[in-house]
Amino acid sequence: MCGIVGYVGKRPAQDLIYKGLARLEYRGYDSAGIAALEKLSNGSFVTRMIKAPGKLKELRALWGQIDFPSSHAIGHTRWATHGEANQANAHPHRAGPITIVHNGIIENHQLIREELAAKGVSFSSDTDSELFGHLVRAERESGKTLLESVRLSFRRIQGASAFVVMDERLPGTIVVVRNGSPLVLGIGEGENFVASDVPAVLESTRNIYYLEDNELAELTSEQVRIYSLDGHERPLNTVEIDWALDAIDKQGYEHYMLKEIFEQPRALTDTLSAWLDLSQGRFRLDAAAVARKSKSDGRTLGHQEIVRAFCEATMVHVVACGTAAHAGYYGQQLIEKLARVPTRAELASEFRYRDPMLRPTDVGLVVSQSGETADTLAAVKLMKQSGMRVFAICNVRDSSIPRECDAVFYTNAGIEVGVASTKAFTTQMALLAVVACAMASHRGTIDAATEKLWVEALGHLPEVARHSLEQSADVEAVAKKYSKKKGYLFLGRGLFFPIALEGALKLKEIAYVHAEGYSAGELKHGPIAMVEPEMLVLALAPEGRGLLHAKTVSNIEEVRARKGTLLSFCAADDNQLKKISDSWIEVPPIGVTELLPILTVLSLQLFAYYVAVERGTEVDQPRNLAKSVTVE
Ligand code: F6R
């Protein structure tokens, strides 16, 4: 939440900051601002600043005010926490010569505000962020260096935060600090960058340093120095990023979300291929490429230790937020069904505060696209405290969550820019299926023939997903037809229940309509009261046969009897379901029915997308949302 970019070098900084912010706008788009240092004719520097509520493009109208040669600037795109999204609350914030941008929350802001006010400080915004600038200013005025002033000020505040600070009396130097909110440093030739995330600097450098919690850095154009919060210098161990730049362009699609929906076959291949030994019909848990360790202490957990933890697990706790939690609910069912280990999936925001019973022999499995979600990160720390092994399923390399875990299984979905998660979700589901099967294989709860069946089906999954996406025109047609309904009720059972939740979430977040996901069996316990012709009921039952399917169909009959409008996601030969539906979308078959939810959700993503387009909402940047939720 909130995007930060800073630059010191020799090039005109303002354009670089603007471009970097554009790459980070997914982190928040309530307001934006840039501050740059201008050199006056007498050789001194002054800070010039432009800020505007709303999206980044609103800054363009003010561009003339910072249109001077400057090679030292910082910028920010905001997701509002304290104070409404107006001009005054937009970052950067100034305290005399000090200018700061901030991502996070100062939890003890009230105390600090009172203290500063008592000393006669007046404030120009309602934000907690501004206070940090005043703390730094006070330290500077007592004769400390900028680095020392930032260090001492940071010690005063509580909560997860990242700050970037400049001082007009120290042109060419930026000081940054973080704890809990992400910051990366981009190391260039005669120039250096700081940003909330790698895409902001990727066009200029691939040499990245991931700032650790409680680390500070001092950047000039020629040098970057890292310090711990107790003042000790640390080595600058950078990594080379190999992400493709085209991943962050729309490549002809109208929206990132649509592009990312269509990237899913490729994302699934990239995620699954290292795990599947197709010639032997076995899972490869030992593939070096799949289980990576990126903990800050650098200790690597070998695959034997991972296998042991899974084999000896007394319970698995799957913990995540939002869409990732829906993948977790799917994973929970598969792990319990295949590996026969008691498994519980829950929301990180609930888990961390309910004082869960955890044993050292339990295993944690957290799921996160960004690797930065505050509640999920806190859940990891809680599980680690009780001595458990904790593994992550994550998309963003070396982000905070993988660094805290004992090992990480990466979804190779590529950079996901659309705020509504799509390709990260299906790759999470696929990877959870792999983990469930691999666990089951090692625990001896599935036989070789079953393992082979799963390996083959997962091997086919990308191709079948491509086939499913070929029906996008059919999905677009039904989405248009039903885009103005009063409400949307997604019904599924078993493994289709998590995707009922996900289908409803996608629609809510990008089309701003009322939608709910329900277990079909729960219908008559309440929600059936809402059924009428203006309520669209989406029935997710593509397995075509089996006990649960028969039960779902009879639940759907109840909808029919009450004149609800019915859109089914069904097997091509399911004439029974088609007969009672107003419209249907076919879901292609695959070797194991447990993988059908992954194929079905592709059509639900397309449905949400086309409804949103029809309703004219902001698909890639839905109101009030941000992609990376780094505050509680
Ligand atoms: C919805 C969505 C969110 C995220 C949630 C967790 O489309 O993207 O619900 O799934 O904020 O984020 P991560 O996966 O980054 O931990």
# chains A, B, ... in the order shown; residues from 1 in each chain; ligands from 1
$ residues_around --residues "A:Val601" --least-positions-apart "4" --cutoff "12 Å" --atoms "only C-alpha atoms" --output "PDB file with N, CA and C atoms, in the first residue's frame"
ATOM      1  N   ILE A 261      -5.394 -12.621 -17.386  1.00  0.00           N
ATOM      2  CA  ILE A 261      -6.286 -13.792 -17.496  1.00  0.00           C
ATOM      3  C   ILE A 261      -5.779 -14.693 -18.630  1.00  0.00           C
ATOM      4  N   GLN A 264      -2.693 -17.119 -18.256  1.00  0.00           N
ATOM      5  CA  GLN A 264      -2.717 -18.217 -17.292  1.00  0.00           C
ATOM      6  C   GLN A 264      -2.167 -19.552 -17.808  1.00  0.00           C
ATOM      7  N   THR A 323      -8.155 -13.325  -1.955  1.00  0.00           N
ATOM      8  CA  THR A 323      -8.106 -14.333  -3.005  1.00  0.00           C
ATOM      9  C   THR A 323      -7.164 -15.473  -2.637  1.00  0.00           C
ATOM     10  N   HIS A 326      -8.823 -17.935  -0.601  1.00  0.00           N
ATOM     11  CA  HIS A 326      -9.702 -18.847  -1.357  1.00  0.00           C
ATOM     12  C   HIS A 326      -8.890 -20.005  -1.935  1.00  0.00           C
ATOM     13  N   ALA A 327      -7.687 -19.689  -2.428  1.00  0.00           N
ATOM     14  CA  ALA A 327      -6.803 -20.773  -2.887  1.00  0.00           C
ATOM     15  C   ALA A 327      -6.495 -21.685  -1.702  1.00  0.00           C
ATOM     16  N   SER A 421      -6.590 -10.106  -8.457  1.00  0.00           N
ATOM     17  CA  SER A 421      -5.671 -11.222  -8.701  1.00  0.00           C
ATOM     18  C   SER A 421      -6.316 -12.283  -9.589  1.00  0.00           C
ATOM     19  N   THR A 422      -5.597 -12.724 -10.602  1.00  0.00           N
ATOM     20  CA  THR A 422      -6.124 -13.759 -11.506  1.00  0.00           C
ATOM     21  C   THR A 422      -5.113 -14.889 -11.670  1.00  0.00           C
ATOM     22  N   LYS A 423      -4.009 -14.584 -12.385  1.00  0.00           N
ATOM     23  CA  LYS A 423      -3.048 -15.658 -12.657  1.00  0.00           C
ATOM     24  C   LYS A 423      -2.331 -16.109 -11.386  1.00  0.00           C
ATOM     25  N   PHE A 425      -3.832 -16.474  -8.574  1.00  0.00           N
ATOM     26  CA  PHE A 425      -4.785 -17.378  -7.918  1.00  0.00           C
ATOM     27  C   PHE A 425      -4.728 -18.790  -8.507  1.00  0.00           C
ATOM     28  N   THR A 426      -4.805 -18.887  -9.819  1.00  0.00           N
ATOM     29  CA  THR A 426      -4.833 -20.236 -10.409  1.00  0.00           C
ATOM     30  C   THR A 426      -3.501 -20.950 -10.227  1.00  0.00           C
ATOM     31  N   THR A 427      -2.401 -20.195 -10.238  1.00  0.00           N
ATOM     32  CA  THR A 427      -1.117 -20.872 -10.011  1.00  0.00           C
ATOM     33  C   THR A 427      -0.983 -21.283  -8.539  1.00  0.00           C
ATOM     34  N   MET A 429      -3.536 -22.273  -6.718  1.00  0.00           N
ATOM     35  CA  MET A 429      -4.351 -23.499  -6.625  1.00  0.00           C
ATOM     36  C   MET A 429      -3.571 -24.704  -7.163  1.00  0.00           C
ATOM     37  N   ALA A 465      -6.531 -25.256 -20.024  1.00  0.00           N
ATOM     38  CA  ALA A 465      -6.862 -23.869 -19.636  1.00  0.00           C
ATOM     39  C   ALA A 465      -6.930 -22.996 -20.894  1.00  0.00           C
ATOM     40  N   SER A 468     -10.106 -23.623 -22.568  1.00  0.00           N
ATOM     41  CA  SER A 468     -11.220 -23.001 -21.841  1.00  0.00           C
ATOM     42  C   SER A 468     -11.302 -21.501 -22.159  1.00  0.00           C
ATOM     43  N   LEU A 469     -10.151 -20.844 -22.234  1.00  0.00           N
ATOM     44  CA  LEU A 469     -10.141 -19.396 -22.495  1.00  0.00           C
ATOM     45  C   LEU A 469     -10.601 -19.067 -23.920  1.00  0.00           C
ATOM     46  N   VAL A 475     -18.437 -16.127 -22.865  1.00  0.00           N
ATOM     47  CA  VAL A 475     -18.530 -15.548 -21.514  1.00  0.00           C
ATOM     48  C   VAL A 475     -18.880 -14.062 -21.628  1.00  0.00           C
ATOM     49  N   PHE A 490     -23.219 -16.905  -6.212  1.00  0.00           N
ATOM     50  CA  PHE A 490     -22.382 -17.988  -6.761  1.00  0.00           C
ATOM     51  C   PHE A 490     -22.536 -19.212  -5.864  1.00  0.00           C
ATOM     52  N   GLY A 492     -21.529 -23.256  -5.096  1.00  0.00           N
ATOM     53  CA  GLY A 492     -20.664 -24.403  -5.378  1.00  0.00           C
ATOM     54  C   GLY A 492     -20.594 -25.259  -4.140  1.00  0.00           C
ATOM     55  N   LEU A 495     -15.006 -28.698  -3.525  1.00  0.00           N
ATOM     56  CA  LEU A 495     -13.900 -27.910  -4.080  1.00  0.00           C
ATOM     57  C   LEU A 495     -14.385 -26.715  -4.900  1.00  0.00           C
ATOM     58  N   PHE A 496     -15.676 -26.688  -5.195  1.00  0.00           N
ATOM     59  CA  PHE A 496     -16.213 -25.548  -5.957  1.00  0.00           C
ATOM     60  C   PHE A 496     -16.688 -24.415  -5.038  1.00  0.00           C
ATOM     61  N   PHE A 497     -16.759 -24.707  -3.741  1.00  0.00           N
ATOM     62  CA  PHE A 497     -17.152 -23.643  -2.804  1.00  0.00           C
ATOM     63  C   PHE A 497     -16.105 -22.520  -2.753  1.00  0.00           C
ATOM     64  N   PRO A 498     -14.795 -22.859  -2.631  1.00  0.00           N
ATOM     65  CA  PRO A 498     -13.808 -21.759  -2.635  1.00  0.00           C
ATOM     66  C   PRO A 498     -13.879 -20.902  -3.898  1.00  0.00           C
ATOM     67  N   ILE A 499     -14.182 -21.518  -5.040  1.00  0.00           N
ATOM     68  CA  ILE A 499     -14.220 -20.669  -6.246  1.00  0.00           C
ATOM     69  C   ILE A 499     -15.553 -19.921  -6.358  1.00  0.00           C
ATOM     70  N   ALA A 500     -16.575 -20.384  -5.636  1.00  0.00           N
ATOM     71  CA  ALA A 500     -17.805 -19.571  -5.549  1.00  0.00           C
ATOM     72  C   ALA A 500     -17.468 -18.280  -4.802  1.00  0.00           C
ATOM     73  N   LEU A 501     -16.690 -18.424  -3.723  1.00  0.00           N
ATOM     74  CA  LEU A 501     -16.258 -17.229  -2.969  1.00  0.00           C
ATOM     75  C   LEU A 501     -15.410 -16.322  -3.861  1.00  0.00           C
ATOM     76  N   GLU A 502     -14.530 -16.935  -4.632  1.00  0.00           N
ATOM     77  CA  GLU A 502     -13.623 -16.158  -5.469  1.00  0.00           C
ATOM     78  C   GLU A 502     -14.369 -15.448  -6.611  1.00  0.00           C
ATOM     79  N   GLY A 503     -15.327 -16.168  -7.219  1.00  0.00           N
ATOM     80  CA  GLY A 503     -16.112 -15.557  -8.305  1.00  0.00           C
ATOM     81  C   GLY A 503     -16.848 -14.327  -7.799  1.00  0.00           C
ATOM     82  N   ALA A 504     -17.398 -14.434  -6.582  1.00  0.00           N
ATOM     83  CA  ALA A 504     -18.136 -13.303  -6.007  1.00  0.00           C
ATOM     84  C   ALA A 504     -17.186 -12.160  -5.666  1.00  0.00           C
ATOM     85  N   LEU A 505     -16.019 -12.502  -5.126  1.00  0.00           N
ATOM     86  CA  LEU A 505     -15.052 -11.452  -4.761  1.00  0.00           C
ATOM     87  C   LEU A 505     -14.599 -10.684  -6.009  1.00  0.00           C
ATOM     88  N   LYS A 506     -14.306 -11.410  -7.085  1.00  0.00           N
ATOM     89  CA  LYS A 506     -13.857 -10.732  -8.314  1.00  0.00           C
ATOM     90  C   LYS A 506     -14.904  -9.732  -8.785  1.00  0.00           C
ATOM     91  N   LEU A 538     -25.343 -18.204 -10.145  1.00  0.00           N
ATOM     92  CA  LEU A 538     -24.305 -18.842 -10.956  1.00  0.00           C
ATOM     93  C   LEU A 538     -23.977 -20.184 -10.321  1.00  0.00           C
ATOM     94  N   LEU A 540     -21.954 -23.571 -10.076  1.00  0.00           N
ATOM     95  CA  LEU A 540     -20.646 -24.094 -10.470  1.00  0.00           C
ATOM     96  C   LEU A 540     -20.652 -25.604 -10.268  1.00  0.00           C
ATOM     97  N   ALA A 541     -20.943 -26.331 -11.335  1.00  0.00           N
ATOM     98  CA  ALA A 541     -21.079 -27.787 -11.206  1.00  0.00           C
ATOM     99  C   ALA A 541     -20.598 -28.493 -12.470  1.00  0.00           C
ATOM    100  N   PRO A 542     -19.318 -28.310 -12.831  1.00  0.00           N
ATOM    101  CA  PRO A 542     -18.868 -28.839 -14.114  1.00  0.00           C
ATOM    102  C   PRO A 542     -18.426 -30.298 -14.083  1.00  0.00           C
ATOM    103  N   PHE A 569     -22.193 -23.344 -14.999  1.00  0.00           N
ATOM    104  CA  PHE A 569     -20.862 -23.675 -15.513  1.00  0.00           C
ATOM    105  C   PHE A 569     -20.801 -25.191 -15.439  1.00  0.00           C
ATOM    106  N   ILE A 585     -22.127 -21.985 -19.547  1.00  0.00           N
ATOM    107  CA  ILE A 585     -20.778 -21.956 -20.102  1.00  0.00           C
ATOM    108  C   ILE A 585     -20.198 -23.345 -19.858  1.00  0.00           C
ATOM    109  N   GLU A 586     -19.627 -23.907 -20.911  1.00  0.00           N
ATOM    110  CA  GLU A 586     -19.074 -25.255 -20.742  1.00  0.00           C
ATOM    111  C   GLU A 586     -17.652 -25.185 -20.184  1.00  0.00           C
ATOM    112  N   VAL A 587     -17.361 -26.136 -19.304  1.00  0.00           N
ATOM    113  CA  VAL A 587     -16.006 -26.239 -18.742  1.00  0.00           C
ATOM    114  C   VAL A 587     -15.396 -27.508 -19.320  1.00  0.00           C
ATOM    115  N   LEU A 595      -9.300 -30.960 -10.389  1.00  0.00           N
ATOM    116  CA  LEU A 595      -8.678 -29.794 -11.032  1.00  0.00           C
ATOM    117  C   LEU A 595      -9.699 -28.917 -11.762  1.00  0.00           C
ATOM    118  N   LEU A 596     -10.938 -29.387 -11.849  1.00  0.00           N
ATOM    119  CA  LEU A 596     -11.956 -28.599 -12.564  1.00  0.00           C
ATOM    120  C   LEU A 596     -12.178 -27.195 -11.983  1.00  0.00           C
ATOM    121  N   PRO A 597     -12.056 -27.015 -10.646  1.00  0.00           N
ATOM    122  CA  PRO A 597     -12.238 -25.640 -10.135  1.00  0.00           C
ATOM    123  C   PRO A 597     -11.259 -24.650 -10.775  1.00  0.00           C
ATOM    124  N   GLN A 605     -13.478 -15.364 -13.827  1.00  0.00           N
ATOM    125  CA  GLN A 605     -12.656 -14.146 -13.954  1.00  0.00           C
ATOM    126  C   GLN A 605     -13.102 -13.351 -15.190  1.00  0.00           C
ATOM    127  N   LEU A 606     -13.309 -14.072 -16.298  1.00  0.00           N
ATOM    128  CA  LEU A 606     -13.746 -13.386 -17.524  1.00  0.00           C
ATOM    129  C   LEU A 606     -15.125 -12.764 -17.319  1.00  0.00           C
ATOM    130  N   PHE A 607     -15.989 -13.488 -16.625  1.00  0.00           N
ATOM    131  CA  PHE A 607     -17.340 -12.980 -16.375  1.00  0.00           C
ATOM    132  C   PHE A 607     -17.268 -11.662 -15.600  1.00  0.00           C
ATOM    133  N   ALA A 608     -16.482 -11.656 -14.522  1.00  0.00           N
ATOM    134  CA  ALA A 608     -16.344 -10.431 -13.715  1.00  0.00           C
ATOM    135  C   ALA A 608     -15.767  -9.311 -14.579  1.00  0.00           C
TER     136      ALA A 608
END
$ residues_around --residues "A:Met49" --least-positions-apart "6" --cutoff "8 Å" --atoms "only C-alpha atoms" --output "JSON, numbers by chain"
{"A": [33, 34, 35, 36, 65, 66, 92]}
$ write_last_selection --atoms "N, CA, C and O atoms" --output "PDB file, in the first residue's frame"
ATOM      1  N   GLY A  33       2.299  12.538  -5.635  1.00  0.00           N
ATOM      2  CA  GLY A  33       3.107  13.746  -5.505  1.00  0.00           C
ATOM      3  C   GLY A  33       4.571  13.476  -5.761  1.00  0.00           C
ATOM      4  O   GLY A  33       5.041  12.340  -5.640  1.00  0.00           O
ATOM      5  N   ILE A  34       5.270  14.545  -6.158  1.00  0.00           N
ATOM      6  CA  ILE A  34       6.713  14.458  -6.393  1.00  0.00           C
ATOM      7  C   ILE A  34       7.365  15.695  -5.775  1.00  0.00           C
ATOM      8  O   ILE A  34       6.835  16.805  -5.897  1.00  0.00           O
ATOM      9  N   ALA A  35       8.509  15.502  -5.136  1.00  0.00           N
ATOM     10  CA  ALA A  35       9.309  16.637  -4.662  1.00  0.00           C
ATOM     11  C   ALA A  35      10.690  16.528  -5.299  1.00  0.00           C
ATOM     12  O   ALA A  35      11.274  15.440  -5.328  1.00  0.00           O
ATOM     13  N   ALA A  36      11.191  17.661  -5.822  1.00  0.00           N
ATOM     14  CA  ALA A  36      12.509  17.662  -6.463  1.00  0.00           C
ATOM     15  C   ALA A  36      13.312  18.841  -5.926  1.00  0.00           C
ATOM     16  O   ALA A  36      12.747  19.874  -5.539  1.00  0.00           O
ATOM     17  N   GLN A  65       5.530  23.225 -12.711  1.00  0.00           N
ATOM     18  CA  GLN A  65       6.102  23.690 -11.437  1.00  0.00           C
ATOM     19  C   GLN A  65       7.379  22.952 -11.018  1.00  0.00           C
ATOM     20  O   GLN A  65       8.108  23.411 -10.152  1.00  0.00           O
ATOM     21  N   ILE A  66       7.618  21.786 -11.612  1.00  0.00           N
ATOM     22  CA  ILE A  66       8.883  21.093 -11.273  1.00  0.00           C
ATOM     23  C   ILE A  66       9.697  20.817 -12.539  1.00  0.00           C
ATOM     24  O   ILE A  66      10.527  19.915 -12.582  1.00  0.00           O
ATOM     25  N   PRO A  92       4.603  14.061  -1.178  1.00  0.00           N
ATOM     26  CA  PRO A  92       5.488  14.169  -0.031  1.00  0.00           C
ATOM     27  C   PRO A  92       4.989  15.178   1.003  1.00  0.00           C
ATOM     28  O   PRO A  92       4.140  16.023   0.709  1.00  0.00           O
TER      29      PRO A  92
END
$ closest_atom_pairs --of "chain A" --to "ligand 1" --cutoff "8 Å" --atoms "only C-alpha atoms and all ligand atoms" --output "Markdown table"
| residue | atom | partner | partner_atom_place_in_ligand_line | distance |
| --- | --- | --- | --- | --- |
| A:Ala320 | CA | ligand 1 | 16 (O) | 6.4 |
| A:Cys321 | CA | ligand 1 | 6 (C) | 4.5 |
| A:Gly322 | CA | ligand 1 | 9 (O) | 3.3 |
| A:Thr323 | CA | ligand 1 | 10 (O) | 3.6 |
| A:Ala324 | CA | ligand 1 | 10 (O) | 4.6 |
| A:Ala325 | CA | ligand 1 | 10 (O) | 7.1 |
| A:Val367 | CA | ligand 1 | 14 (O) | 6.5 |
| A:Ser368 | CA | ligand 1 | 14 (O) | 3.5 |
| A:Gln369 | CA | ligand 1 | 14 (O) | 3.6 |
| A:Ser370 | CA | ligand 1 | 15 (O) | 3.6 |
| A:Gly371 | CA | ligand 1 | 15 (O) | 5.6 |
| A:Glu372 | CA | ligand 1 | 15 (O) | 6.2 |
| A:Thr373 | CA | ligand 1 | 16 (O) | 4.6 |
| A:Thr376 | CA | ligand 1 | 16 (O) | 6.7 |
| A:Cys394 | CA | ligand 1 | 14 (O) | 7.7 |
| A:Val419 | CA | ligand 1 | 8 (O) | 5.9 |
| A:Ala420 | CA | ligand 1 | 7 (O) | 3.4 |
| A:Ser421 | CA | ligand 1 | 7 (O) | 3.9 |
| A:Thr422 | CA | ligand 1 | 7 (O) | 7.0 |
| A:Ala424 | CA | ligand 1 | 14 (O) | 7.7 |
| A:Phe425 | CA | ligand 1 | 10 (O) | 7.8 |
| A:Leu505 | CA | ligand 1 | 1 (C) | 7.0 |
| A:Lys506 | CA | ligand 1 | 7 (O) | 6.1 |
| A:Glu509 | CA | ligand 1 | 7 (O) | 7.1 |
| A:Lys627 | CA | ligand 1 | 8 (O) | 6.1 |
| A:Ser628 | CA | ligand 1 | 15 (O) | 5.6 |
| A:Val629 | CA | ligand 1 | 11 (O) | 5.7 |
$ residues_around --residues "A:Leu507" --least-positions-apart "3" --cutoff "8 Å" --atoms "only C-alpha atoms" --output "PyMOL selection string"
chain A and resi 503-504+510-513+515+608-609+611-612
$ write_last_selection --atoms "N, CA and C atoms" --output "short mmCIF file (atom, residue, chain, number, x, y, z; two decimals), in the first residue's frame"
data_model
loop_
_atom_site.label_atom_id
_atom_site.label_comp_id
_atom_site.auth_asym_id
_atom_site.auth_seq_id
_atom_site.Cartn_x
_atom_site.Cartn_y
_atom_site.Cartn_z
N GLY A 503 -15.33 -16.17 -7.22
CA GLY A 503 -16.11 -15.56 -8.31
C GLY A 503 -16.85 -14.33 -7.80
N ALA A 504 -17.40 -14.43 -6.58
CA ALA A 504 -18.14 -13.30 -6.01
C ALA A 504 -17.19 -12.16 -5.67
N ILE A 510 -14.26 -5.50 -8.79
CA ILE A 510 -14.05 -4.71 -10.01
C ILE A 510 -15.33 -4.16 -10.61
N ALA A 511 -16.50 -4.76 -10.30
CA ALA A 511 -17.75 -4.25 -10.88
C ALA A 511 -18.61 -3.52 -9.85
N TYR A 512 -18.20 -3.54 -8.60
CA TYR A 512 -18.90 -2.87 -7.49
C TYR A 512 -20.38 -3.30 -7.41
N VAL A 513 -20.63 -4.58 -7.58
CA VAL A 513 -22.02 -5.05 -7.45
C VAL A 513 -22.10 -6.02 -6.28
N ALA A 515 -22.45 -9.29 -4.65
CA ALA A 515 -22.28 -10.68 -5.05
C ALA A 515 -21.89 -11.49 -3.82
N ALA A 608 -16.48 -11.66 -14.52
CA ALA A 608 -16.34 -10.43 -13.71
C ALA A 608 -15.77 -9.31 -14.58
N TYR A 609 -14.76 -9.65 -15.36
CA TYR A 609 -14.11 -8.63 -16.20
C TYR A 609 -15.12 -8.00 -17.15
N VAL A 611 -18.43 -7.99 -17.07
CA VAL A 611 -19.49 -7.24 -16.36
C VAL A 611 -18.95 -5.86 -15.99
N ALA A 612 -17.71 -5.83 -15.49
CA ALA A 612 -17.11 -4.54 -15.08
C ALA A 612 -16.97 -3.61 -16.29
#
$ atom_distance --atom1 "atom CA of A:Gly6" --atom2 "atom CA of A:Thr77"
12.1 Å
$ select_by_dssp --residues "stretch 320-366 of chain A" --states "helix (DSSP H, G or I)" --output "ChimeraX atom specification"
/A:322-339,348-351
$ closest_residue --among "A:Thr269, A:Thr593, A:Asn214, A:Ser583" --to "A:His549" --atoms "only C-alpha atoms"
A:Thr593
